$ cat target07.csv   # CSV, C-alpha atoms and all ligand atoms
chain,number,residue,atom,x,y,z
A,1,MET,CA,-41.7,-7.6,-36.6
A,2,THR,CA,-43.9,-9.4,-34.1
A,3,PHE,CA,-43.5,-11.9,-31.3
A,4,GLY,CA,-46.6,-13.8,-30.5
A,5,PRO,CA,-47.9,-13.8,-26.9
A,6,CYS,CA,-47.7,-17.2,-25.2
A,7,CYS,CA,-51.2,-17.0,-23.7
A,8,ASP,CA,-52.5,-20.2,-25.0
A,9,VAL,CA,-49.7,-22.6,-24.0
A,10,ALA,CA,-50.1,-25.4,-21.6
A,11,TRP,CA,-47.5,-24.3,-19.1
A,12,GLY,CA,-49.2,-21.2,-17.8
A,13,ILE,CA,-51.9,-18.7,-18.5
A,14,HIS,CA,-49.7,-15.7,-19.3
A,15,ARG,CA,-51.3,-12.4,-20.0
A,16,ASP,CA,-50.2,-9.0,-21.2
A,17,VAL,CA,-49.4,-6.9,-18.2
A,18,THR,CA,-49.3,-3.2,-17.7
A,19,LEU,CA,-47.5,-1.6,-14.8
A,20,SER,CA,-50.7,-0.2,-13.3
A,21,ASP,CA,-52.2,-3.7,-13.2
A,22,GLY,CA,-52.2,-4.7,-9.5
A,23,ALA,CA,-48.4,-4.5,-9.1
A,24,LEU,CA,-46.9,-5.3,-5.7
A,25,LEU,CA,-43.9,-4.1,-3.9
A,26,ILE,CA,-41.4,-6.3,-2.0
A,27,ASP,CA,-38.1,-5.7,-0.3
A,28,ARG,CA,-34.9,-7.9,-0.3
A,29,ARG,CA,-36.4,-10.1,2.4
A,30,GLY,CA,-39.5,-10.5,0.2
A,31,LEU,CA,-37.2,-11.6,-2.7
A,32,GLU,CA,-35.5,-14.2,-0.4
A,33,THR,CA,-39.0,-15.5,0.6
A,34,LEU,CA,-39.9,-15.7,-3.1
A,35,PHE,CA,-36.8,-17.9,-3.7
A,36,GLN,CA,-37.8,-20.1,-0.7
A,37,ALA,CA,-41.4,-20.4,-1.9
A,38,LEU,CA,-40.2,-21.5,-5.3
A,39,GLY,CA,-37.9,-24.1,-3.7
A,40,SER,CA,-40.7,-25.4,-1.4
A,41,GLN,CA,-43.0,-25.8,-4.4
A,42,GLY,CA,-40.4,-28.1,-6.1
A,43,TYR,CA,-38.7,-25.7,-8.5
A,44,THR,CA,-35.0,-25.8,-9.1
A,45,VAL,CA,-34.1,-22.1,-9.0
A,46,ILE,CA,-31.7,-20.9,-11.8
A,47,ALA,CA,-30.5,-17.4,-11.6
A,48,PRO,CA,-27.6,-15.1,-12.6
A,49,THR,CA,-24.4,-15.6,-10.6
A,50,VAL,CA,-20.7,-14.8,-11.1
A,51,ARG,CA,-18.3,-17.5,-12.3
A,52,ASP,CA,-15.0,-17.2,-14.1
A,53,GLY,CA,-15.2,-13.5,-14.5
A,54,ALA,CA,-18.7,-13.5,-16.2
A,55,ILE,CA,-22.3,-13.5,-15.2
A,56,VAL,CA,-23.7,-17.0,-15.9
A,57,TYR,CA,-26.9,-18.8,-15.2
A,58,ASP,CA,-26.7,-21.6,-12.6
A,59,GLU,CA,-28.6,-23.2,-9.8
A,60,VAL,CA,-28.7,-21.0,-6.7
A,61,ASP,CA,-29.8,-21.6,-3.1
A,62,GLY,CA,-30.7,-18.0,-2.2
A,63,ILE,CA,-30.3,-14.3,-3.1
A,64,GLU,CA,-26.8,-14.1,-1.6
A,65,GLU,CA,-25.6,-15.9,-4.7
A,66,LEU,CA,-26.9,-13.2,-7.0
A,67,PRO,CA,-24.2,-10.8,-8.5
A,68,ALA,CA,-24.7,-8.0,-5.9
A,69,GLY,CA,-23.0,-4.7,-6.8
A,70,VAL,CA,-21.7,-6.1,-10.1
A,71,THR,CA,-22.1,-4.7,-13.6
A,72,ASP,CA,-20.7,-5.6,-17.0
A,73,ILE,CA,-18.9,-3.6,-19.6
A,74,GLN,CA,-19.5,-5.0,-23.1
A,75,GLN,CA,-18.2,-4.0,-26.5
A,76,PRO,CA,-17.6,-6.0,-29.7
A,77,GLY,CA,-15.2,-8.8,-28.8
A,78,SER,CA,-14.9,-7.6,-25.2
A,79,TYR,CA,-16.6,-8.4,-21.9
A,80,ARG,CA,-15.5,-7.6,-18.4
A,81,LEU,CA,-17.1,-7.2,-15.0
A,82,SER,CA,-16.9,-4.1,-12.9
A,83,THR,CA,-18.4,-3.0,-9.5
A,84,ARG,CA,-21.2,-0.6,-8.8
A,85,ASP,CA,-21.7,1.0,-5.4
A,86,ASP,CA,-25.5,0.6,-5.0
A,87,GLY,CA,-25.6,-3.1,-4.2
A,88,ALA,CA,-28.0,-3.8,-7.1
A,89,LEU,CA,-28.7,-7.5,-7.6
A,90,PHE,CA,-29.6,-7.2,-11.3
A,91,GLY,CA,-27.5,-4.2,-12.4
A,92,TYR,CA,-26.0,-5.8,-15.6
A,93,ALA,CA,-27.0,-7.0,-19.0
A,94,VAL,CA,-27.0,-10.5,-20.4
A,95,GLY,CA,-23.9,-12.7,-20.2
A,96,PRO,CA,-22.6,-15.6,-22.4
A,97,HIS,CA,-25.4,-18.0,-21.2
A,98,SER,CA,-29.0,-17.9,-22.3
A,99,TRP,CA,-31.9,-20.0,-21.0
A,100,LYS,CA,-31.5,-22.2,-24.1
A,101,LYS,CA,-28.9,-24.0,-22.0
A,102,TYR,CA,-31.7,-25.5,-19.9
A,103,LEU,CA,-34.5,-25.7,-22.5
A,104,PHE,CA,-32.7,-26.8,-25.6
A,105,ARG,CA,-29.7,-28.6,-24.2
A,106,SER,CA,-26.4,-28.7,-25.9
A,107,GLU,CA,-26.6,-32.5,-25.9
A,108,ALA,CA,-29.6,-34.8,-25.4
A,109,VAL,CA,-30.3,-38.5,-26.0
A,110,VAL,CA,-33.1,-38.9,-28.6
A,111,PHE,CA,-33.5,-42.6,-28.0
A,112,ARG,CA,-31.7,-45.8,-27.0
A,113,ALA,CA,-32.2,-49.2,-28.6
A,114,ARG,CA,-31.3,-52.7,-27.4
A,115,LEU,CA,-30.4,-55.6,-29.6
A,116,ASP,CA,-33.1,-58.3,-29.3
A,117,ALA,CA,-32.2,-61.8,-30.7
A,118,GLU,CA,-35.4,-62.1,-32.7
A,119,ARG,CA,-36.5,-58.5,-33.4
A,120,GLY,CA,-33.1,-56.7,-34.0
A,121,PHE,CA,-32.7,-53.3,-32.4
A,122,VAL,CA,-35.7,-52.3,-30.4
A,123,PRO,CA,-36.1,-48.8,-28.8
A,124,SER,CA,-35.8,-49.2,-25.1
A,125,GLU,CA,-36.7,-45.7,-24.0
A,126,ALA,CA,-37.6,-42.5,-25.7
A,127,GLY,CA,-35.1,-39.9,-24.8
A,128,GLU,CA,-34.6,-38.6,-21.3
A,129,PRO,CA,-37.7,-37.1,-19.8
A,130,ALA,CA,-36.9,-34.0,-17.8
A,131,ALA,CA,-37.2,-34.6,-14.1
A,132,THR,CA,-36.6,-31.0,-13.2
A,133,ARG,CA,-39.1,-28.2,-12.9
A,134,TYR,CA,-37.2,-25.0,-13.4
A,135,ALA,CA,-37.8,-21.5,-12.0
A,136,PHE,CA,-35.8,-19.0,-14.2
A,137,VAL,CA,-35.0,-15.8,-12.3
A,138,GLY,CA,-33.7,-12.7,-14.1
A,139,VAL,CA,-35.0,-13.4,-17.6
A,140,ARG,CA,-34.6,-10.2,-19.6
A,141,ALA,CA,-37.2,-8.9,-22.1
A,142,CYS,CA,-35.0,-10.0,-25.0
A,143,GLU,CA,-34.7,-13.4,-23.5
A,144,VAL,CA,-38.5,-13.8,-23.0
A,145,ALA,CA,-38.7,-13.0,-26.7
A,146,ALA,CA,-36.0,-15.5,-27.5
A,147,ILE,CA,-37.9,-18.2,-25.6
A,148,GLU,CA,-41.0,-17.4,-27.5
A,149,VAL,CA,-39.0,-17.7,-30.8
A,150,GLN,CA,-37.8,-21.1,-29.8
A,151,ASP,CA,-41.3,-22.1,-28.7
A,152,ARG,CA,-42.4,-21.4,-32.3
A,153,VAL,CA,-39.5,-23.5,-33.7
A,154,PHE,CA,-39.9,-26.5,-31.4
A,155,LEU,CA,-43.5,-26.6,-30.4
A,156,GLU,CA,-45.5,-25.3,-33.4
A,157,GLY,CA,-46.0,-27.2,-36.6
A,158,SER,CA,-46.2,-31.0,-37.1
A,159,HIS,CA,-43.0,-32.0,-35.3
A,160,ARG,CA,-42.6,-31.1,-31.6
A,161,GLU,CA,-39.2,-31.3,-29.9
A,162,ARG,CA,-40.0,-33.5,-27.0
A,163,ASP,CA,-37.0,-32.8,-24.8
A,164,TYR,CA,-37.6,-29.0,-25.2
A,165,GLU,CA,-41.3,-29.5,-24.5
A,166,SER,CA,-40.7,-31.5,-21.3
A,167,ARG,CA,-38.4,-28.7,-20.0
A,168,ARG,CA,-40.5,-25.8,-21.1
A,169,ASP,CA,-43.6,-27.4,-19.7
A,170,GLY,CA,-43.9,-26.1,-16.1
A,171,ALA,CA,-40.9,-23.7,-16.3
A,172,PHE,CA,-41.7,-20.7,-14.0
A,173,VAL,CA,-40.4,-17.5,-15.6
A,174,ILE,CA,-39.4,-14.5,-13.4
A,175,ALA,CA,-38.5,-11.6,-15.7
A,176,VAL,CA,-36.3,-8.7,-14.6
A,177,GLN,CA,-37.0,-5.4,-16.4
A,178,CYS,CA,-33.6,-4.1,-17.6
A,179,GLY,CA,-32.1,-1.0,-15.9
A,180,GLU,CA,-28.6,-1.4,-17.3
A,181,PRO,CA,-28.4,-2.2,-21.0
A,182,GLY,CA,-25.1,-3.5,-22.3
A,183,GLY,CA,-22.8,-1.8,-24.8
A,184,THR,CA,-23.9,-4.3,-27.5
A,185,CYS,CA,-27.7,-4.4,-26.7
A,186,PHE,CA,-30.2,-3.3,-29.4
A,187,CYS,CA,-33.6,-4.7,-28.2
A,188,VAL,CA,-35.3,-1.4,-28.8
A,189,SER,CA,-34.5,-1.7,-32.5
A,190,MET,CA,-35.9,-5.3,-32.6
A,191,HIS,CA,-39.0,-4.3,-30.6
A,192,THR,CA,-38.3,-6.9,-27.9
A,193,GLY,CA,-37.4,-4.7,-24.9
A,194,PRO,CA,-36.3,-3.3,-22.6
A,195,ARG,CA,-39.7,-4.0,-20.8
A,196,ALA,CA,-41.2,-7.5,-20.9
A,197,GLU,CA,-45.0,-7.1,-21.3
A,198,SER,CA,-46.0,-10.8,-21.4
A,199,GLY,CA,-44.6,-14.3,-21.4
A,200,PHE,CA,-43.7,-14.3,-17.7
A,201,ASP,CA,-45.2,-15.4,-14.4
A,202,LEU,CA,-43.7,-12.5,-12.5
A,203,ALA,CA,-41.7,-9.5,-13.6
A,204,LEU,CA,-39.5,-7.5,-11.2
A,205,THR,CA,-38.2,-4.0,-11.6
A,206,GLU,CA,-35.4,-3.3,-9.2
A,207,LEU,CA,-35.5,0.1,-7.4
A,208,VAL,CA,-32.3,0.8,-5.7
A,209,ASP,CA,-30.6,3.9,-4.3
A,210,ALA,CA,-28.8,5.0,-1.1
A,211,GLN,CA,-32.1,4.8,0.9
A,212,LEU,CA,-34.1,1.9,-0.5
A,213,HIS,CA,-33.8,-1.4,-2.2
A,214,GLU,CA,-37.1,-2.7,-3.3
A,215,PHE,CA,-38.7,-4.5,-6.3
A,216,VAL,CA,-42.0,-3.7,-8.1
A,217,VAL,CA,-43.6,-7.1,-9.0
A,218,GLU,CA,-45.9,-7.4,-11.9
A,219,VAL,CA,-48.0,-10.6,-11.9
A,220,GLY,CA,-48.3,-12.2,-15.3
A,221,SER,CA,-50.1,-15.5,-14.6
A,222,ALA,CA,-52.4,-17.2,-12.1
A,223,ARG,CA,-49.5,-19.3,-10.7
A,224,GLY,CA,-47.4,-16.1,-10.4
A,225,GLY,CA,-50.2,-14.7,-8.3
A,226,ALA,CA,-50.5,-17.8,-6.2
A,227,ILE,CA,-46.8,-17.9,-5.3
A,228,MET,CA,-46.9,-14.2,-4.4
A,229,ALA,CA,-49.6,-15.0,-1.8
A,230,SER,CA,-46.9,-16.5,0.3
A,231,VAL,CA,-44.5,-13.5,-0.1
A,232,PRO,CA,-44.8,-10.4,2.2
A,233,SER,CA,-45.7,-7.5,-0.1
A,234,ARG,CA,-47.8,-4.4,-0.3
A,235,PRO,CA,-49.6,-2.8,-3.3
A,236,ALA,CA,-47.2,-0.7,-5.3
A,237,GLN,CA,-48.1,3.0,-5.1
A,238,SER,CA,-48.1,5.4,-8.0
A,239,ARG,CA,-44.6,6.7,-7.0
A,240,ASP,CA,-43.3,3.1,-7.1
A,241,LEU,CA,-44.9,2.6,-10.6
A,242,GLY,CA,-43.4,5.9,-11.8
A,243,ALA,CA,-40.0,4.9,-10.5
A,244,ALA,CA,-40.3,1.5,-12.3
A,245,ARG,CA,-41.3,3.2,-15.5
A,246,ALA,CA,-38.3,5.5,-15.2
A,247,VAL,CA,-36.0,2.5,-15.0
A,248,SER,CA,-37.3,1.1,-18.3
A,249,ASP,CA,-37.3,4.5,-20.0
A,250,ARG,CA,-33.8,5.2,-19.0
A,251,ALA,CA,-32.7,1.7,-20.2
A,252,ALA,CA,-34.5,2.4,-23.6
A,253,SER,CA,-32.6,5.6,-24.0
A,254,ARG,CA,-29.2,4.0,-23.4
A,255,MET,CA,-29.0,1.1,-25.9
A,256,GLY,CA,-25.5,0.3,-26.9
A,257,ARG,CA,-26.4,-0.3,-30.5
A,258,THR,CA,-29.2,0.4,-33.0
A,259,MET,CA,-30.2,-1.5,-36.1
A,260,GLU,CA,-32.6,-0.5,-38.9
A,261,SER,CA,-35.1,-3.3,-38.8
A,262,ASP,CA,-38.1,-1.9,-40.8
A,263,GLY,CA,-38.4,-3.8,-44.1
A,264,LEU,CA,-35.1,-5.6,-43.3
A,265,PRO,CA,-36.1,-9.1,-44.5
A,266,GLN,CA,-37.0,-7.9,-48.0
A,267,ARG,CA,-34.0,-5.5,-48.3
A,268,LEU,CA,-31.5,-8.2,-47.3
A,269,ALA,CA,-33.0,-10.7,-49.7
A,270,GLU,CA,-32.0,-8.3,-52.5
A,271,LEU,CA,-28.4,-8.0,-51.3
A,272,LEU,CA,-27.1,-11.6,-51.6
A,273,GLU,CA,-24.2,-10.6,-54.0
A,274,HIS,CA,-23.2,-7.5,-52.0
A,275,PRO,CA,-19.3,-7.0,-51.7
A,276,GLN,CA,-19.8,-6.7,-47.9
A,277,TRP,CA,-20.1,-10.5,-47.7
A,278,ASP,CA,-16.4,-10.8,-48.9
A,279,ASP,CA,-15.4,-8.0,-46.5
A,280,VAL,CA,-16.8,-9.8,-43.4
A,281,ALA,CA,-15.5,-13.1,-44.6
A,282,SER,CA,-12.0,-11.7,-44.5
A,283,ARG,CA,-12.4,-11.1,-40.8
A,284,CYS,CA,-14.7,-14.0,-39.7
A,285,LEU,CA,-12.9,-17.1,-38.2
A,286,SER,CA,-15.9,-19.5,-38.7
A,287,CYS,CA,-15.4,-20.2,-35.0
A,288,THR,CA,-19.2,-20.7,-34.3
A,289,ASN,CA,-19.2,-18.6,-31.2
A,290,CYS,CA,-22.0,-16.3,-32.4
A,291,THR,CA,-24.3,-19.3,-33.0
A,292,LEU,CA,-23.5,-21.0,-29.7
A,293,VAL,CA,-24.2,-17.9,-27.5
A,294,CYS,CA,-27.3,-16.8,-29.5
A,295,PRO,CA,-30.5,-17.6,-27.5
A,296,THR,CA,-32.5,-18.4,-30.7
A,297,CYS,CA,-30.0,-20.4,-32.8
A,298,PHE,CA,-31.2,-24.0,-32.9
A,299,CYS,CA,-29.1,-26.0,-35.4
A,300,SER,CA,-28.2,-29.4,-34.2
A,301,SER,CA,-26.7,-32.6,-35.6
A,302,VAL,CA,-27.6,-36.2,-34.8
A,303,GLU,CA,-25.1,-39.0,-34.1
A,304,ASP,CA,-25.7,-42.7,-33.7
A,305,THR,CA,-23.3,-44.8,-31.7
A,306,THR,CA,-23.2,-48.4,-30.3
A,307,ASP,CA,-21.6,-49.7,-27.2
A,308,LEU,CA,-18.5,-52.0,-27.5
A,309,THR,CA,-20.6,-55.1,-27.3
A,310,GLY,CA,-22.8,-53.9,-30.2
A,311,THR,CA,-26.0,-54.6,-28.2
A,312,GLU,CA,-27.0,-51.0,-27.3
A,313,ALA,CA,-27.4,-48.1,-29.8
A,314,ILE,CA,-27.8,-44.5,-28.8
A,315,ARG,CA,-29.0,-41.6,-30.9
A,316,THR,CA,-27.7,-38.3,-29.6
A,317,ARG,CA,-28.6,-34.7,-30.6
A,318,ARG,CA,-25.9,-32.1,-30.2
A,319,TRP,CA,-25.8,-28.3,-30.9
A,320,ASP,CA,-24.3,-27.6,-34.3
A,321,SER,CA,-23.6,-24.4,-36.2
A,322,CYS,CA,-24.2,-23.2,-39.8
A,323,PHE,CA,-20.5,-22.2,-39.7
A,324,THR,CA,-19.3,-25.8,-39.8
A,325,LEU,CA,-18.6,-27.6,-43.1
A,326,ASP,CA,-20.4,-30.7,-41.9
A,327,HIS,CA,-23.6,-28.8,-41.3
A,328,SER,CA,-24.3,-28.2,-44.9
A,329,TYR,CA,-22.7,-31.5,-46.2
A,330,ILE,CA,-24.8,-33.4,-48.6
A,331,HIS,CA,-23.6,-36.1,-51.0
A,332,GLY,CA,-20.5,-34.8,-52.7
A,333,GLY,CA,-19.6,-31.9,-50.5
A,334,SER,CA,-20.7,-29.0,-48.4
A,335,VAL,CA,-23.2,-26.6,-49.9
A,336,ARG,CA,-21.7,-23.7,-48.0
A,337,ALA,CA,-18.0,-24.3,-48.2
A,338,SER,CA,-16.7,-20.7,-47.9
A,339,THR,CA,-16.8,-18.4,-44.9
A,340,ARG,CA,-18.6,-15.8,-47.1
A,341,ASP,CA,-21.4,-18.3,-47.7
A,342,GLN,CA,-21.6,-19.4,-44.1
A,343,TYR,CA,-21.7,-15.8,-42.7
A,344,ARG,CA,-24.3,-14.8,-45.3
A,345,GLN,CA,-26.4,-17.8,-44.4
A,346,TRP,CA,-26.3,-17.0,-40.7
A,347,LEU,CA,-27.1,-13.3,-41.0
A,348,THR,CA,-29.8,-13.6,-43.7
A,349,HIS,CA,-31.4,-16.5,-41.9
A,350,LYS,CA,-31.5,-14.5,-38.6
A,351,LEU,CA,-32.9,-11.4,-40.1
A,352,SER,CA,-34.7,-12.4,-43.3
A,353,THR,CA,-35.6,-16.0,-44.1
A,354,TRP,CA,-36.4,-16.8,-40.4
A,355,VAL,CA,-39.4,-14.5,-40.9
A,356,ASP,CA,-40.6,-16.6,-43.9
A,357,GLN,CA,-40.1,-19.8,-41.9
A,358,PHE,CA,-41.5,-18.9,-38.4
A,359,GLY,CA,-43.2,-15.5,-38.7
A,360,THR,CA,-40.7,-13.7,-36.5
A,361,SER,CA,-37.2,-12.4,-36.7
A,362,GLY,CA,-34.6,-14.8,-35.5
A,363,CYS,CA,-32.8,-12.0,-33.7
A,364,VAL,CA,-34.0,-10.4,-30.5
A,365,GLY,CA,-31.2,-7.8,-30.1
A,366,CYS,CA,-29.4,-9.3,-27.1
A,367,GLY,CA,-26.0,-8.4,-28.5
A,368,ARG,CA,-24.3,-11.7,-27.4
A,369,CYS,CA,-23.0,-12.5,-30.9
A,370,ILE,CA,-21.2,-9.1,-31.0
A,371,THR,CA,-19.7,-9.3,-27.5
A,372,TRP,CA,-18.5,-12.9,-27.8
A,373,CYS,CA,-17.1,-12.8,-31.4
A,374,PRO,CA,-13.4,-13.1,-30.9
A,375,VAL,CA,-12.7,-10.6,-33.7
A,376,GLY,CA,-15.5,-8.2,-32.7
A,377,ILE,CA,-17.8,-8.6,-35.8
A,378,ASP,CA,-20.9,-6.6,-35.1
A,379,LEU,CA,-24.0,-7.6,-37.0
A,380,THR,CA,-25.5,-4.2,-36.6
A,381,ALA,CA,-22.5,-2.7,-38.3
A,382,GLU,CA,-22.6,-5.4,-41.0
A,383,VAL,CA,-26.3,-4.6,-41.7
A,384,ALA,CA,-25.6,-0.9,-41.8
A,385,ALA,CA,-22.8,-1.5,-44.3
A,386,LEU,CA,-25.1,-3.7,-46.4
A,387,LEU,CA,-27.9,-1.1,-46.4
A,388,ALA,CA,-25.6,1.9,-47.1
A,389,PRO,CA,-26.2,3.6,-50.4
A,390,ALA,CA,-23.7,2.7,-53.0
A,391,ASP,CA,-20.9,5.3,-53.6
B,401,LIG,S1,-28.2,-12.8,-33.6
B,401,LIG,FE1,-26.9,-11.9,-32.0
B,401,LIG,S2,-28.1,-10.1,-31.2
B,401,LIG,FE2,-29.5,-11.4,-32.4
B,401,LIG,S3,-30.4,-12.8,-30.8
B,401,LIG,FE3,-28.7,-13.9,-31.7
B,401,LIG,S4,-26.9,-13.4,-30.3
B,401,LIG,FE4,-28.6,-11.9,-29.9
B,402,LIG,S1,-18.8,-13.9,-36.8
B,402,LIG,FE1,-17.3,-13.9,-35.1
B,402,LIG,S2,-18.2,-15.4,-33.6
B,402,LIG,FE2,-19.3,-15.7,-35.6
B,402,LIG,S3,-18.2,-17.4,-36.6
B,402,LIG,FE3,-17.3,-15.4,-37.4
B,402,LIG,S4,-15.6,-15.0,-36.0
B,402,LIG,FE4,-16.8,-16.6,-35.0
$ encode --input "target07.csv" --output "structure tokens"
Amino acid sequence: MTFGPCCDVAWGIHRDVTLSDGALLIDRRGLETLFQALGSQGYTVIAPTVRDGAIVYDEVDGIEELPAGVTDIQQPGSYRLSTRDDGALFGYAVGPHSWKKYLFRSEAVVFRARLDAERGFVPSEAGEPAATRYAFVGVRACEVAAIEVQDRVFLEGSHRERDYESRRDGAFVIAVQCGEPGGTCFCVSMHTGPRAESGFDLALTELVDAQLHEFVVEVGSARGGAIMASVPSRPAQSRDLGAARAVSDRAASRMGRTMESDGLPQRLAELLEHPQWDDVASRCLSCTNCTLVCPTCFCSSVEDTTDLTGTEAIRTRRWDSCFTLDHSYIHGGSVRASTRDQYRQWLTHKLSTWVDQFGTSGCVGCGRCITWCPVGIDLTAEVAALLAPAD
């Protein structure tokens, strides 16, 4: 299972980075200066913050809005916040939001058209060009991988998603190397984490204990290096690099879940009539939660409306889900009318046919679909049941 490096994209010269590669060290004041430098260069800074009992991604003005001393406890169908006594700013796993919220918006105007007396409806503007340049702070390795998956879907091939492209173009990515995987995480199984090795402008590893609170900074692009020139820092020493490696090693050894991913696309393709599909269908509510929280799911529908005077038409794209009847409706009815068929489509697309389509898995092991499923369906458990030898 591979995820392509995004070294050749227009929005930044990202490169593979190793920890010994000119890493820097900053303290909390340095992190605050980094936020200010991003703001002064015209970026809107989006970072984790606490709202409604969850860690969400939102616009922030400074590091005081980060979830200091907060962690999360995640299990199938369960999420709650808790406190930690070390004041860590990134001491939690991923929450219900992903960066797709900003890059592939839940609703976007594709085009507007005005009625012209002689020419009929004439397009008046093409969509809504993004005016905002984002700096995403706190992007986890699985999320860097998820963005690269959506890059393949929306930017490669003959049809480019213009709204996505305009938002992705220029987005500044600051990864945070995971130190606290969640109870539903399995990025190690999907080879997407817990360390991000490329696809970022900067990557931070938080080092925090009773005596110190610092961040090892890996520079992944020229513009990442340029912005660090305005941030007080010193070269990271070998003990800092060792401590950063230990953070990632510890995270890798504490995954909440595992999933057998070797040969999975081919094996699943042979299990389309397995009785486990009926079993999971008896529990699944077809609620669509798993697809909405998933950072790679991209299904959408298109709706055309006119205003009351009938002189303006708007085409809008909205997130959709393979769990809705309308999504597979063609003349005469829905192709996937049963929950069994919908769940099977979702899981086999993620883990099998996505590879045929895009050359990567559609799953990066973030665990969101497990945590936010109201009945706690766990795709790692479903895959294990599907692959288990017959009695
Ligand atoms: S299928 Fe589930 S675990 Fe995989 S990327 Fe989507 S939400 Fe994350
Ligand atoms: S698997 Fe869970 S989250 Fe997904 S549609 Fe079924 S009940 Fe909803």
$ residues_around --input "target07.csv" --residues "stretch 22-35 of chain A" --least-positions-apart "2" --cutoff "8 Å" --atoms "only C-alpha atoms" --output "ChimeraX atom specification"
/A:19-20,37-39,45,61-63,213-219,227-228,230-236,240
$ closest_residue --input "target07.csv" --among "A:His349, A:Arg133, A:His274, A:Arg140" --to "A:Gly199" --atoms "all atoms listed in the file"
A:Arg140
$ residues_near_ligand --input "target07.csv" --ligand "ligand LIG 401 (chain B)" --cutoff "8 Å" --atoms "all atoms listed in the file" --output "number ranges by chain"
A: 142, 146, 185-186, 290-291, 293-297, 347, 350, 362-370, 379
$ closest_residue --input "target07.csv" --among "A:Asp116, A:Glu260, A:Glu148, A:Asp169" --to "A:Ser198" --atoms "all atoms listed in the file"
A:Glu148
$ closest_residue --input "target07.csv" --among "A:Arg239, A:Arg162, A:Arg84, A:His97" --to "A:Ile46" --atoms "only C-alpha atoms"
A:His97
